[in-house]
>>> print(open('coords_34.txt').read())   # compact mmCIF, C-alpha atoms
# COMPACT_ATOMS: atom_id res chain seq x y z
CA MET A 1 0.00 0.00 0.00
CA LEU A 2 2.63 2.51 1.06
CA ALA A 3 4.90 1.54 -1.82
CA ALA A 4 2.04 2.15 -4.24
CA VAL A 5 1.29 5.56 -2.76
CA ARG A 6 4.97 6.46 -2.81
CA THR A 7 5.14 5.55 -6.47
CA LEU A 8 2.04 7.64 -7.17
CA LEU A 9 3.57 10.64 -5.46
CA ARG A 10 6.94 10.37 -7.14
CA ILE A 11 5.78 9.95 -10.72
CA CYS A 12 3.17 12.72 -10.36
CA GLY A 13 1.94 12.24 -13.88
CA ILE A 14 4.08 9.89 -15.98
CA GLY A 15 2.23 7.31 -18.05
CA ALA A 16 -1.00 5.58 -17.03
CA ALA A 17 -0.22 5.74 -13.34
CA GLY A 18 0.20 9.47 -13.78
CA GLY A 19 -3.50 9.70 -14.57
CA VAL A 20 -4.18 8.04 -11.21
CA ALA A 21 -1.92 10.56 -9.49
CA ALA A 22 -3.62 13.47 -11.17
CA LEU A 23 -7.07 12.04 -10.35
CA ALA A 24 -6.11 11.62 -6.69
CA ALA A 25 -5.01 15.24 -6.53
CA VAL A 26 -8.25 16.40 -8.15
CA VAL A 27 -10.29 14.40 -5.61
CA VAL A 28 -8.35 16.03 -2.77
CA ALA A 29 -8.91 19.49 -4.25
CA LEU A 30 -12.65 18.89 -4.78
CA LEU A 31 -13.48 17.19 -1.49
CA TRP A 32 -11.36 19.51 0.63
CA PRO A 33 -11.42 22.85 -1.19
CA GLU A 34 -9.39 25.58 0.40
CA PRO A 35 -9.31 29.01 -1.26
CA GLU A 36 -5.97 30.66 -1.84
CA ARG A 37 -5.17 33.28 0.76
CA PRO A 38 -2.11 35.25 -0.38
CA PRO A 39 0.13 36.38 2.47
CA ASN A 40 0.36 40.06 3.24
CA ALA A 41 3.45 41.61 1.69
CA GLU A 42 6.05 42.82 4.19
CA PRO A 43 8.70 44.56 2.07
CA GLY A 44 10.59 45.99 5.04
CA ALA A 45 13.14 48.75 4.55
CA GLN A 46 13.55 48.03 0.82
CA ARG A 47 10.92 48.35 -1.89
CA VAL A 48 11.51 45.64 -4.51
CA THR A 49 10.28 45.92 -8.11
CA ILE A 50 10.63 43.51 -11.03
CA VAL A 51 12.17 45.56 -13.83
CA GLU A 52 12.37 42.88 -16.54
CA THR A 53 11.65 39.20 -17.16
CA ARG A 54 13.22 37.41 -20.14
CA GLN A 55 13.07 33.80 -21.29
CA ILE A 56 16.54 32.29 -21.63
CA VAL A 57 15.97 28.55 -22.25
CA PRO A 58 14.78 27.76 -24.84
CA GLY A 59 15.63 31.02 -26.54
CA ALA A 60 16.93 32.66 -29.69
CA GLY A 61 20.24 33.43 -27.98
CA LEU A 62 21.16 29.75 -27.57
CA PRO A 63 23.07 27.68 -30.15
CA ASP A 64 20.74 26.39 -32.88
CA ASP A 65 21.91 22.77 -32.55
CA LEU A 66 21.35 22.39 -28.79
CA ALA A 67 18.33 20.06 -29.35
CA LEU A 68 16.65 20.61 -26.01
CA GLY A 69 14.13 18.29 -24.41
CA PRO A 70 10.91 19.64 -22.85
CA ALA A 71 12.15 19.91 -19.24
CA ASN A 72 14.64 22.68 -18.49
CA ASN A 73 15.10 23.11 -14.74
CA ASN A 74 17.50 22.72 -11.78
CA LEU A 75 20.03 25.42 -12.56
CA ASP A 76 22.90 27.51 -11.29
CA VAL A 77 24.56 30.72 -12.49
CA VAL A 78 27.95 32.25 -11.69
CA ARG A 79 30.08 35.16 -12.86
CA HIS A 80 33.57 33.84 -13.57
CA GLY A 81 36.88 35.68 -13.56
CA ASP A 82 37.13 35.54 -17.36
CA GLY A 83 34.30 38.07 -17.68
CA PHE A 84 31.66 35.53 -18.73
CA THR A 85 28.45 34.48 -17.01
CA TYR A 86 28.03 30.70 -16.87
CA LEU A 87 24.64 28.98 -16.70
CA ALA A 88 24.33 25.27 -15.91
CA PHE A 89 20.96 23.54 -16.13
CA ARG A 90 19.30 20.14 -16.27
CA ASN A 91 17.67 19.11 -19.55
CA ALA A 92 15.50 15.99 -19.71
CA PRO A 93 12.28 14.53 -21.14
CA HIS A 94 10.39 15.41 -17.92
CA HIS A 95 10.78 16.52 -14.31
CA PHE A 96 11.47 13.01 -13.04
CA ALA A 97 14.51 10.76 -13.12
CA SER A 98 15.56 9.73 -16.63
CA PRO A 99 18.60 8.05 -18.21
CA ASP A 100 18.34 10.67 -20.99
CA THR A 101 19.12 13.57 -18.65
CA ARG A 102 21.89 16.03 -19.55
CA VAL A 103 23.52 18.83 -17.60
CA ILE A 104 24.30 21.60 -20.07
CA VAL A 105 26.69 24.51 -19.45
CA VAL A 106 26.52 27.66 -21.58
CA ARG A 107 28.26 31.02 -21.20
CA SER A 108 27.65 34.61 -22.25
CA ARG A 109 29.11 38.10 -21.92
CA ASP A 110 25.79 39.92 -22.17
CA GLU A 111 23.39 37.17 -20.93
CA ARG A 112 21.58 37.37 -24.27
CA ARG A 113 23.80 35.42 -26.67
CA TRP A 114 25.05 32.13 -25.27
CA SER A 115 27.62 29.62 -26.50
CA LEU A 116 27.81 25.96 -25.56
CA GLU A 117 30.55 25.14 -23.06
CA ALA A 118 29.86 21.51 -22.14
CA SER A 119 27.19 18.84 -22.01
CA PHE A 120 27.35 15.97 -19.53
CA SER A 121 25.40 12.70 -19.44
CA LEU A 122 26.02 9.45 -17.57
CA GLY A 123 23.04 7.30 -18.56
CA THR A 124 21.35 8.11 -15.27
CA ASP A 125 19.63 11.12 -13.76
CA LEU A 126 21.71 14.22 -12.99
CA ARG A 127 20.47 17.10 -10.84
CA GLU A 128 21.48 20.06 -8.73
CA PRO A 129 24.28 21.50 -10.90
CA ARG A 130 26.40 23.83 -8.78
CA LEU A 131 29.05 26.23 -10.10
CA LEU A 132 31.93 27.57 -8.01
CA SER A 133 34.51 30.03 -9.39
CA ILE A 134 37.94 29.74 -7.75
CA GLY A 135 40.71 31.73 -9.39
CA ASP A 136 41.12 30.67 -13.02
CA GLU A 137 39.21 27.42 -12.49
CA LEU A 138 35.46 26.89 -12.63
CA PHE A 139 34.09 23.90 -10.71
CA LEU A 140 30.86 22.12 -11.61
CA TYR A 141 29.29 19.79 -9.05
CA VAL A 142 26.29 17.62 -9.92
CA SER A 143 24.32 15.02 -7.97
CA ARG A 144 23.74 11.61 -9.48
CA LEU A 145 20.42 9.82 -9.03
CA GLY A 146 18.92 6.63 -10.41
CA ALA A 147 17.21 6.31 -13.79
CA ASP A 148 13.86 5.06 -12.44
CA PRO A 149 11.20 7.83 -12.66
CA LEU A 150 9.25 6.09 -9.90
CA ALA A 151 11.99 6.46 -7.27
CA PHE A 152 14.24 9.04 -5.61
CA GLU A 153 17.65 7.35 -5.44
CA PRO A 154 20.56 9.65 -4.50
CA GLN A 155 23.85 8.02 -5.47
CA GLY A 156 26.42 10.71 -4.76
CA MET A 157 28.15 13.72 -6.27
CA SER A 158 30.37 14.12 -9.32
CA MET A 159 32.69 16.97 -10.28
CA SER A 160 34.06 18.52 -13.47
CA VAL A 161 36.56 21.38 -13.68
CA ARG A 162 37.03 23.98 -16.39
CA SER A 163 40.72 24.82 -16.60
CA ALA A 164 42.15 28.25 -17.30
CA ALA A 165 42.76 27.02 -20.87
CA GLY A 166 39.02 26.45 -21.33
CA GLY A 167 38.71 22.65 -21.34
CA TRP A 168 36.31 20.71 -19.09
CA SER A 169 37.33 17.47 -17.40
CA ASP A 170 35.09 14.40 -17.35
CA LEU A 171 32.58 14.07 -14.53
CA GLU A 172 34.26 12.09 -11.75
CA PRO A 173 32.60 10.85 -8.53
CA PHE A 174 33.70 12.27 -5.20
CA GLY A 175 32.47 12.50 -1.61
CA PRO A 176 30.36 10.11 0.49
CA ALA A 177 27.83 7.87 -1.24
CA GLY A 178 24.29 9.23 -1.40
CA THR A 179 25.34 12.87 -0.91
CA ILE A 180 23.41 15.62 -2.69
CA GLY A 181 25.17 18.94 -3.16
CA TRP A 182 22.83 21.85 -2.54
CA ARG A 183 24.73 25.16 -2.53
CA ALA A 184 28.26 26.18 -3.51
CA ARG A 185 29.37 29.56 -2.23
CA TRP A 186 32.05 31.58 -0.44
CA ILE A 187 32.02 32.25 3.32
CA ASP A 188 34.56 34.74 4.65
CA GLY A 189 36.87 34.12 1.71
CA VAL A 190 36.62 30.33 1.98
CA PRO A 191 34.94 28.07 -0.64
CA ALA A 192 32.01 26.20 0.94
CA LEU A 193 29.54 23.47 -0.01
CA LEU A 194 26.23 22.86 1.74
CA VAL A 195 25.29 19.19 1.24
CA TYR A 196 22.82 16.68 2.60
CA ARG A 197 22.44 12.90 2.86
CA GLY A 198 19.49 10.60 3.48
CA GLY A 199 17.30 12.15 0.79
CA GLU A 200 15.98 8.71 -0.11
CA THR A 201 14.06 8.64 3.20
CA THR A 202 11.96 11.67 2.20
CA TYR A 203 9.38 9.56 0.35
CA GLN A 204 9.61 6.36 2.39
CA PHE A 205 7.23 7.85 4.98
CA GLY A 206 9.06 6.27 7.87
CA PRO A 207 11.31 7.99 10.42
CA PRO A 208 13.54 10.40 8.46
CA ARG A 209 17.30 9.93 8.42
CA GLN A 210 18.61 13.10 6.85
CA ARG A 211 21.74 15.08 7.66
CA ILE A 212 22.96 18.47 6.45
CA ASP A 213 26.67 19.29 6.48
CA LEU A 214 28.67 22.41 5.71
CA TRP A 215 31.98 21.67 3.99
CA ARG A 216 35.02 23.86 3.43
CA GLY A 217 37.76 23.23 0.90
CA ASP A 218 39.71 24.35 -2.14
CA GLY A 219 37.35 23.11 -4.85
CA TRP A 220 39.06 19.73 -5.12
CA ASN A 221 39.16 18.55 -1.51
CA TRP A 222 36.50 19.05 1.15
CA ARG A 223 36.10 18.54 4.90
CA LEU A 224 33.61 19.47 7.60
CA TRP A 225 33.60 23.17 8.35
CA ASP A 226 33.26 22.55 12.08
CA PRO A 227 34.39 19.00 12.91
CA ASP A 228 33.97 19.59 16.65
CA HIS A 229 30.28 20.38 16.12
CA GLY A 230 29.52 17.98 13.26
CA ALA A 231 26.30 18.25 11.27
CA VAL A 232 24.44 21.49 10.68
CA TYR A 233 21.15 19.60 11.17
CA VAL A 234 19.87 16.04 11.60
CA GLY A 235 16.20 15.17 11.04
CA GLY A 236 13.70 15.44 8.21
CA GLY A 237 15.27 18.25 6.16
CA GLY A 238 17.65 18.46 3.21
CA GLU A 239 17.59 21.47 0.88
CA ALA A 240 18.99 24.48 2.77
CA ASP A 241 20.73 27.81 2.31
CA PHE A 242 21.86 30.80 4.37
CA SER A 243 23.51 34.22 4.18
CA ARG A 244 24.90 36.85 6.56
CA ALA A 245 22.93 39.91 7.74
CA ALA A 246 24.08 43.33 8.93
CA ASP A 247 24.13 42.14 12.55
CA GLY A 248 26.83 39.62 11.61
CA ARG A 249 24.62 36.59 12.16
CA PHE A 250 23.76 34.07 9.50
CA TYR A 251 20.11 33.42 8.68
CA GLY A 252 19.01 30.31 6.82
CA VAL A 253 16.15 28.02 5.95
CA ILE A 254 15.85 24.22 5.70
CA ARG A 255 13.16 22.43 3.71
CA ALA A 256 11.85 19.76 6.11
CA GLU A 257 9.65 17.84 3.69
CA ALA A 258 10.12 14.49 5.43
CA GLY A 259 9.15 15.96 8.80
CA ASP A 260 10.56 15.14 12.21
CA ALA A 261 9.74 15.76 15.87
CA ALA A 262 9.30 19.48 15.15
CA GLY A 263 6.80 18.84 12.36
CA TRP A 264 6.69 19.10 8.57
CA GLY A 265 7.42 22.12 6.37
CA SER A 266 10.62 24.08 7.02
CA ARG A 267 13.03 25.26 9.67
CA VAL A 268 13.95 28.94 9.89
CA CYS A 269 17.42 29.20 11.38
CA SER A 270 20.20 31.46 12.56
CA ALA A 271 23.86 31.05 13.48
CA GLU A 272 26.49 33.19 15.14
CA SER A 273 28.99 34.89 12.86
CA GLU A 274 31.93 32.84 14.19
CA HIS A 275 30.10 29.51 13.84
CA PRO A 276 28.32 29.27 10.46
CA ALA A 277 27.78 25.50 10.86
CA ARG A 278 25.98 25.76 14.22
CA TRP A 279 22.35 26.50 13.38
CA THR A 280 19.52 27.11 15.83
CA CYS A 281 16.13 26.58 14.18
CA THR A 282 12.41 27.11 14.70
CA PRO A 283 9.67 25.25 12.78
CA ASP A 284 7.57 26.81 10.02
CA ALA A 285 4.60 24.90 8.55
CA ARG A 286 5.31 26.32 5.09
CA LYS A 287 7.74 24.48 2.78
CA TYR A 288 10.31 26.70 1.06
CA ASP A 289 11.39 24.41 -1.78
CA SER A 290 14.78 24.95 -3.46
CA PRO A 291 15.84 27.95 -1.33
CA TYR A 292 18.51 30.43 -2.40
CA ALA A 293 19.65 33.02 0.18
CA PHE A 294 21.44 36.31 -0.51
CA SER A 295 22.00 39.61 1.30
CA HIS A 296 21.19 43.17 0.22
CA ALA A 297 21.77 46.27 2.34
CA GLY A 298 22.36 44.01 5.33
CA VAL A 299 19.04 42.18 4.95
CA VAL A 300 18.91 38.45 4.11
CA TYR A 301 16.45 37.44 1.39
CA VAL A 302 15.39 34.00 0.17
CA VAL A 303 13.98 33.00 -3.21
CA ALA A 304 11.94 29.79 -2.90
CA ARG A 305 8.76 28.08 -4.06
CA ARG A 306 5.47 29.29 -2.53
CA ASN A 307 2.42 27.09 -2.04
CA LEU A 308 -0.79 28.93 -2.98
CA ARG A 309 -3.34 26.64 -1.34
CA GLY A 310 -4.95 28.05 1.78
CA ASP A 311 -2.43 30.03 3.80
CA GLY A 312 0.47 28.22 2.14
CA ARG A 313 1.11 25.62 4.83
CA PHE A 314 2.61 22.31 3.78
CA ASP A 315 1.86 20.51 7.04
CA ARG A 316 -1.91 20.13 7.25
CA GLY A 317 -1.77 18.83 10.82
CA ILE A 318 -4.00 15.87 9.93
CA GLY A 319 -2.88 12.59 11.50
CA PRO A 320 -0.36 11.61 14.17
CA ALA A 321 3.15 13.06 14.16
CA SER A 322 4.72 9.78 15.22
CA GLY A 323 4.09 6.06 15.31
CA PRO A 324 2.51 3.89 12.61
CA GLY A 325 0.04 6.59 11.57
CA ARG A 326 2.84 9.03 10.75
CA ALA A 327 2.92 7.83 7.14
CA LEU A 328 -0.69 8.87 6.62
CA ARG A 329 0.13 12.42 7.65
CA SER A 330 3.03 12.53 5.20
CA ILE A 331 0.86 11.19 2.39
CA TRP A 332 -1.89 13.70 3.12
CA ASN A 333 0.62 16.55 3.10
CA GLN A 334 2.02 15.43 -0.25
CA LEU A 335 -1.38 15.02 -1.93
CA ASN A 336 -2.52 18.46 -0.77
CA TYR A 337 0.73 20.02 -1.94
CA SER A 338 0.64 18.33 -5.35
CA SER A 339 -2.92 19.48 -6.01
CA SER A 340 -2.15 23.19 -5.46
CA ARG A 341 -0.70 25.93 -7.59
CA LYS A 342 2.78 27.36 -7.01
CA ARG A 343 4.87 30.49 -7.43
CA CYS A 344 8.55 31.34 -7.18
CA ALA A 345 8.63 33.99 -4.45
CA LEU A 346 10.95 36.40 -2.70
CA TRP A 347 10.99 36.28 1.10
CA ARG A 348 12.80 38.38 3.71
CA PHE A 349 14.28 37.25 7.02
CA GLU A 350 12.94 38.92 10.11
CA PRO A 351 15.59 38.40 12.83
CA VAL A 352 12.95 38.30 15.56
CA GLY A 353 11.82 34.70 15.65
CA PRO A 354 13.48 34.37 13.23
CA ARG A 355 10.82 34.13 10.55
CA LEU A 356 10.37 34.61 6.82
CA ALA A 357 8.26 37.58 5.65
CA PHE A 358 6.70 37.47 2.19
CA VAL A 359 7.86 40.19 -0.23
CA LEU A 360 6.57 39.37 -3.73
CA ASP A 361 5.99 36.68 -6.36
CA LEU A 362 8.13 36.47 -9.47
CA PRO A 363 6.39 35.79 -12.80
CA SER A 364 6.00 32.02 -12.45
CA ARG A 365 3.48 29.17 -12.41
CA GLY A 366 3.05 25.41 -12.50
CA ASP A 367 6.32 23.62 -11.86
CA THR A 368 8.61 26.47 -10.84
CA CYS A 369 11.53 27.86 -8.82
CA PHE A 370 15.02 26.35 -8.17
CA PRO A 371 16.61 29.81 -8.40
CA ALA A 372 20.11 31.21 -8.63
CA VAL A 373 20.96 34.83 -7.89
CA VAL A 374 23.82 37.04 -9.14
CA ALA A 375 24.52 40.74 -8.73
CA GLY A 376 23.14 43.12 -11.33
CA ALA A 377 24.97 45.85 -13.24
CA ASP A 378 23.92 48.41 -10.63
CA ALA A 379 24.43 48.14 -6.88
CA ASP A 380 20.67 48.21 -6.27
CA GLU A 381 19.85 45.39 -8.71
CA TRP A 382 19.94 41.60 -8.46
CA ILE A 383 19.42 39.05 -11.22
CA VAL A 384 17.33 35.97 -10.45
CA TYR A 385 17.37 32.95 -12.75
CA ASP A 386 14.66 30.35 -12.17
CA TYR A 387 12.50 27.90 -14.07
CA SER A 388 8.75 27.79 -14.61
CA SER A 389 6.00 26.29 -16.68
CA PRO A 390 5.55 28.54 -19.74
CA LEU A 391 4.46 32.09 -18.91
CA ASP A 392 2.92 32.88 -22.30
CA THR A 393 0.14 30.27 -22.47
CA GLY A 394 -2.39 31.87 -20.15
CA LEU A 395 -2.50 28.64 -18.14
CA ASP A 396 -1.82 28.39 -14.41
CA PRO A 397 -1.57 24.63 -13.77
CA ARG A 398 -1.44 22.85 -10.46
CA TRP A 399 2.00 21.64 -9.51
CA ILE A 400 1.22 18.02 -10.40
CA ASP A 401 0.23 19.07 -13.92
CA GLY A 402 3.16 21.43 -14.35
CA GLN A 403 5.59 18.63 -13.53
CA ARG A 404 4.30 16.64 -16.49
CA GLY A 405 4.71 19.50 -18.95
CA GLU A 406 7.30 21.79 -20.47
CA THR A 407 9.46 24.00 -18.25
CA ARG A 408 11.59 26.98 -19.27
CA ILE A 409 14.35 29.06 -17.68
CA TYR A 410 13.74 32.76 -17.08
CA ARG A 411 15.86 35.73 -16.04
CA HIS A 412 14.35 38.40 -13.76
CA ARG A 413 15.95 41.78 -12.98
CA LEU A 414 14.99 43.02 -9.49
CA ARG A 415 15.55 46.55 -8.27
CA PHE A 416 15.84 47.41 -4.57
CA ALA A 417 15.16 50.95 -3.31
CA ALA A 418 14.81 52.38 0.16
CA ALA A 419 11.14 52.38 1.12
CA ALA A 420 9.54 55.71 1.93
CA GLY A 421 10.13 56.56 5.57
CA ALA A 422 12.64 53.73 6.06
CA ARG A 423 15.79 54.46 8.04
>>> encode(input="coords_34.txt", output="structure tokens")
Amino acid sequence: MLAAVRTLLRICGIGAAGGVAALAAVVVALLWPEPERPPNAEPGAQRVTIVETRQIVPGAGLPDDLALGPANNNLDVVRHGDGFTYLAFRNAPHHFASPDTRVIVVRSRDERRWSLEASFSLGTDLREPRLLSIGDELFLYVSRLGADPLAFEPQGMSMSVRSAAGGWSDLEPFGPAGTIGWRARWIDGVPALLVYRGGETTYQFGPPRQRIDLWRGDGWNWRLWDPDHGAVYVGGGGEADFSRAADGRFYGVIRAEAGDAAGWGSRVCSAESEHPARWTCTPDARKYDSPYAFSHAGVVYVVARRNLRGDGRFDRGIGPASGPGRALRSIWNQLNYSSSRKRCALWRFEPVGPRLAFVLDLPSRGDTCFPAVVAGADADEWIVYDYSSPLDTGLDPRWIDGQRGETRIYRHRLRFAAAAGAR
């Protein structure tokens, strides 16, 4: 029974069983309707406006012979020392695991005309491309998964390096088995990777066994940032990110989809400036999928997926939080989430709590988010890359339907300005 439900949830619309998944989501939506109640915007000291949105993938600026499949998602962007912007993204027949998946890397000087840098495939699913610029070298980290669309099977990470001469090495495995790399960034002048393990327990609906670690290294070799402390987090969460605020503290968020003793949804966290791997967290019933954190004017912002159903909560609170009935609560949460519409949204950390305050939605719909953020040409602008179901069709599909369809990569230019009366 549970295996069948897990399969239904994971395929979310592939083949004949996908019709069953879609029907189940429709039944949930019809029998337990819950009108969308958008959160009140809390822009804070900065007023944020969306200046421009452009479609990048597929797009006229890409090489004509790229031969893209329908699904373009899971991306990262970095500005490298050679003056180019590099974009890495997953291309596949659909959202779910496939042996035909590629990770494609393109580069551009103006972010309008792109040239092909590299294309990687291993005959299995590849996700979570992460780019890290260190000196003349550009590192690409990807996470390997199985080829079965009905399962979530993390296998480990692989790495390729672009040399100063411009050539890319083959993808080579590294790190502990089952590790998924989530964010690559710099912390106080030190290269860092935020990774997690135990992702396969997310959809097994039993007690979660997930662990988040912060690594430090030189691009090639990595170790725990704080070996005396150990893991950043242990429980039911995996995807996570954080950034430093004006008060010197780090603020971060963890997607706790598998749930644990503190509930399902997310964890909103903070850490002292001297100890970026020692997080203290509070639960949030919303689920901030694929979070990306960055700082502007001393304020930490997060771009992540927003659930439109009801007040946006992922954890419906229906069913026991522990024991044999725990699986039913997880299944109910997943079905409700799959049957609702989504947006890619900008959130702001409020240090008191801490908590996440809603700022605005980016143009997005259906299957969306997985952002990357880079600085704009002006000091008050930031560039957000994300993916979404097509924006030009007039359709606004539920997440379960968006996952079965085409997805595209978009570029949004955000402008930040001091709000009237703000100090």
>>> closest_residue(input="coords_34.txt", among="A:Pro63, A:Leu150, A:Ala88, A:Leu132", to="Leu116 of chain A", atoms="all atoms listed in the file")
A:Pro63
>>> closest_residue(input="coords_34.txt", among="A:Pro43, A:Gly298, A:Gly175, A:Gly317", to="Arg249 of chain A", atoms="all atoms listed in the file")
A:Gly298
>>> atom_distance(input="coords_34.txt", atom1="atom CA of Val190 of chain A", atom2="atom CA of Arg216 of chain A")
6.8 Å
>>> closest_residue(input="coords_34.txt", among="A:Leu122, A:Leu414, A:Ala97, A:Ile104", to="Ala147 of chain A", atoms="all atoms listed in the file")
A:Ala97
>>> atom_distance(input="coords_34.txt", atom1="atom CA of Pro191 of chain A", atom2="atom CA of Arg413 of chain A")
26.5 Å
>>> closest_residue(input="coords_34.txt", among="A:Asn221, A:Thr407, A:Ser133, A:Thr282", to="Val78 of chain A", atoms="only C-alpha atoms")
A:Ser133
>>> closest_residue(input="coords_34.txt", among="A:Ser338, A:Ala420, A:Asp170, A:Gly405", to="Gly69 of chain A", atoms="only C-alpha atoms")
A:Gly405
>>> residues_around(input="coords_34.txt", residues="Val303 of chain A", least_positions_apart="3", cutoff="12 Å", atoms="all atoms listed in the file", output="PyMOL selection string")
chain A and resi 240-242+252-253+288-295+300+306+343-349+356-362+368-373+382-386+412+414
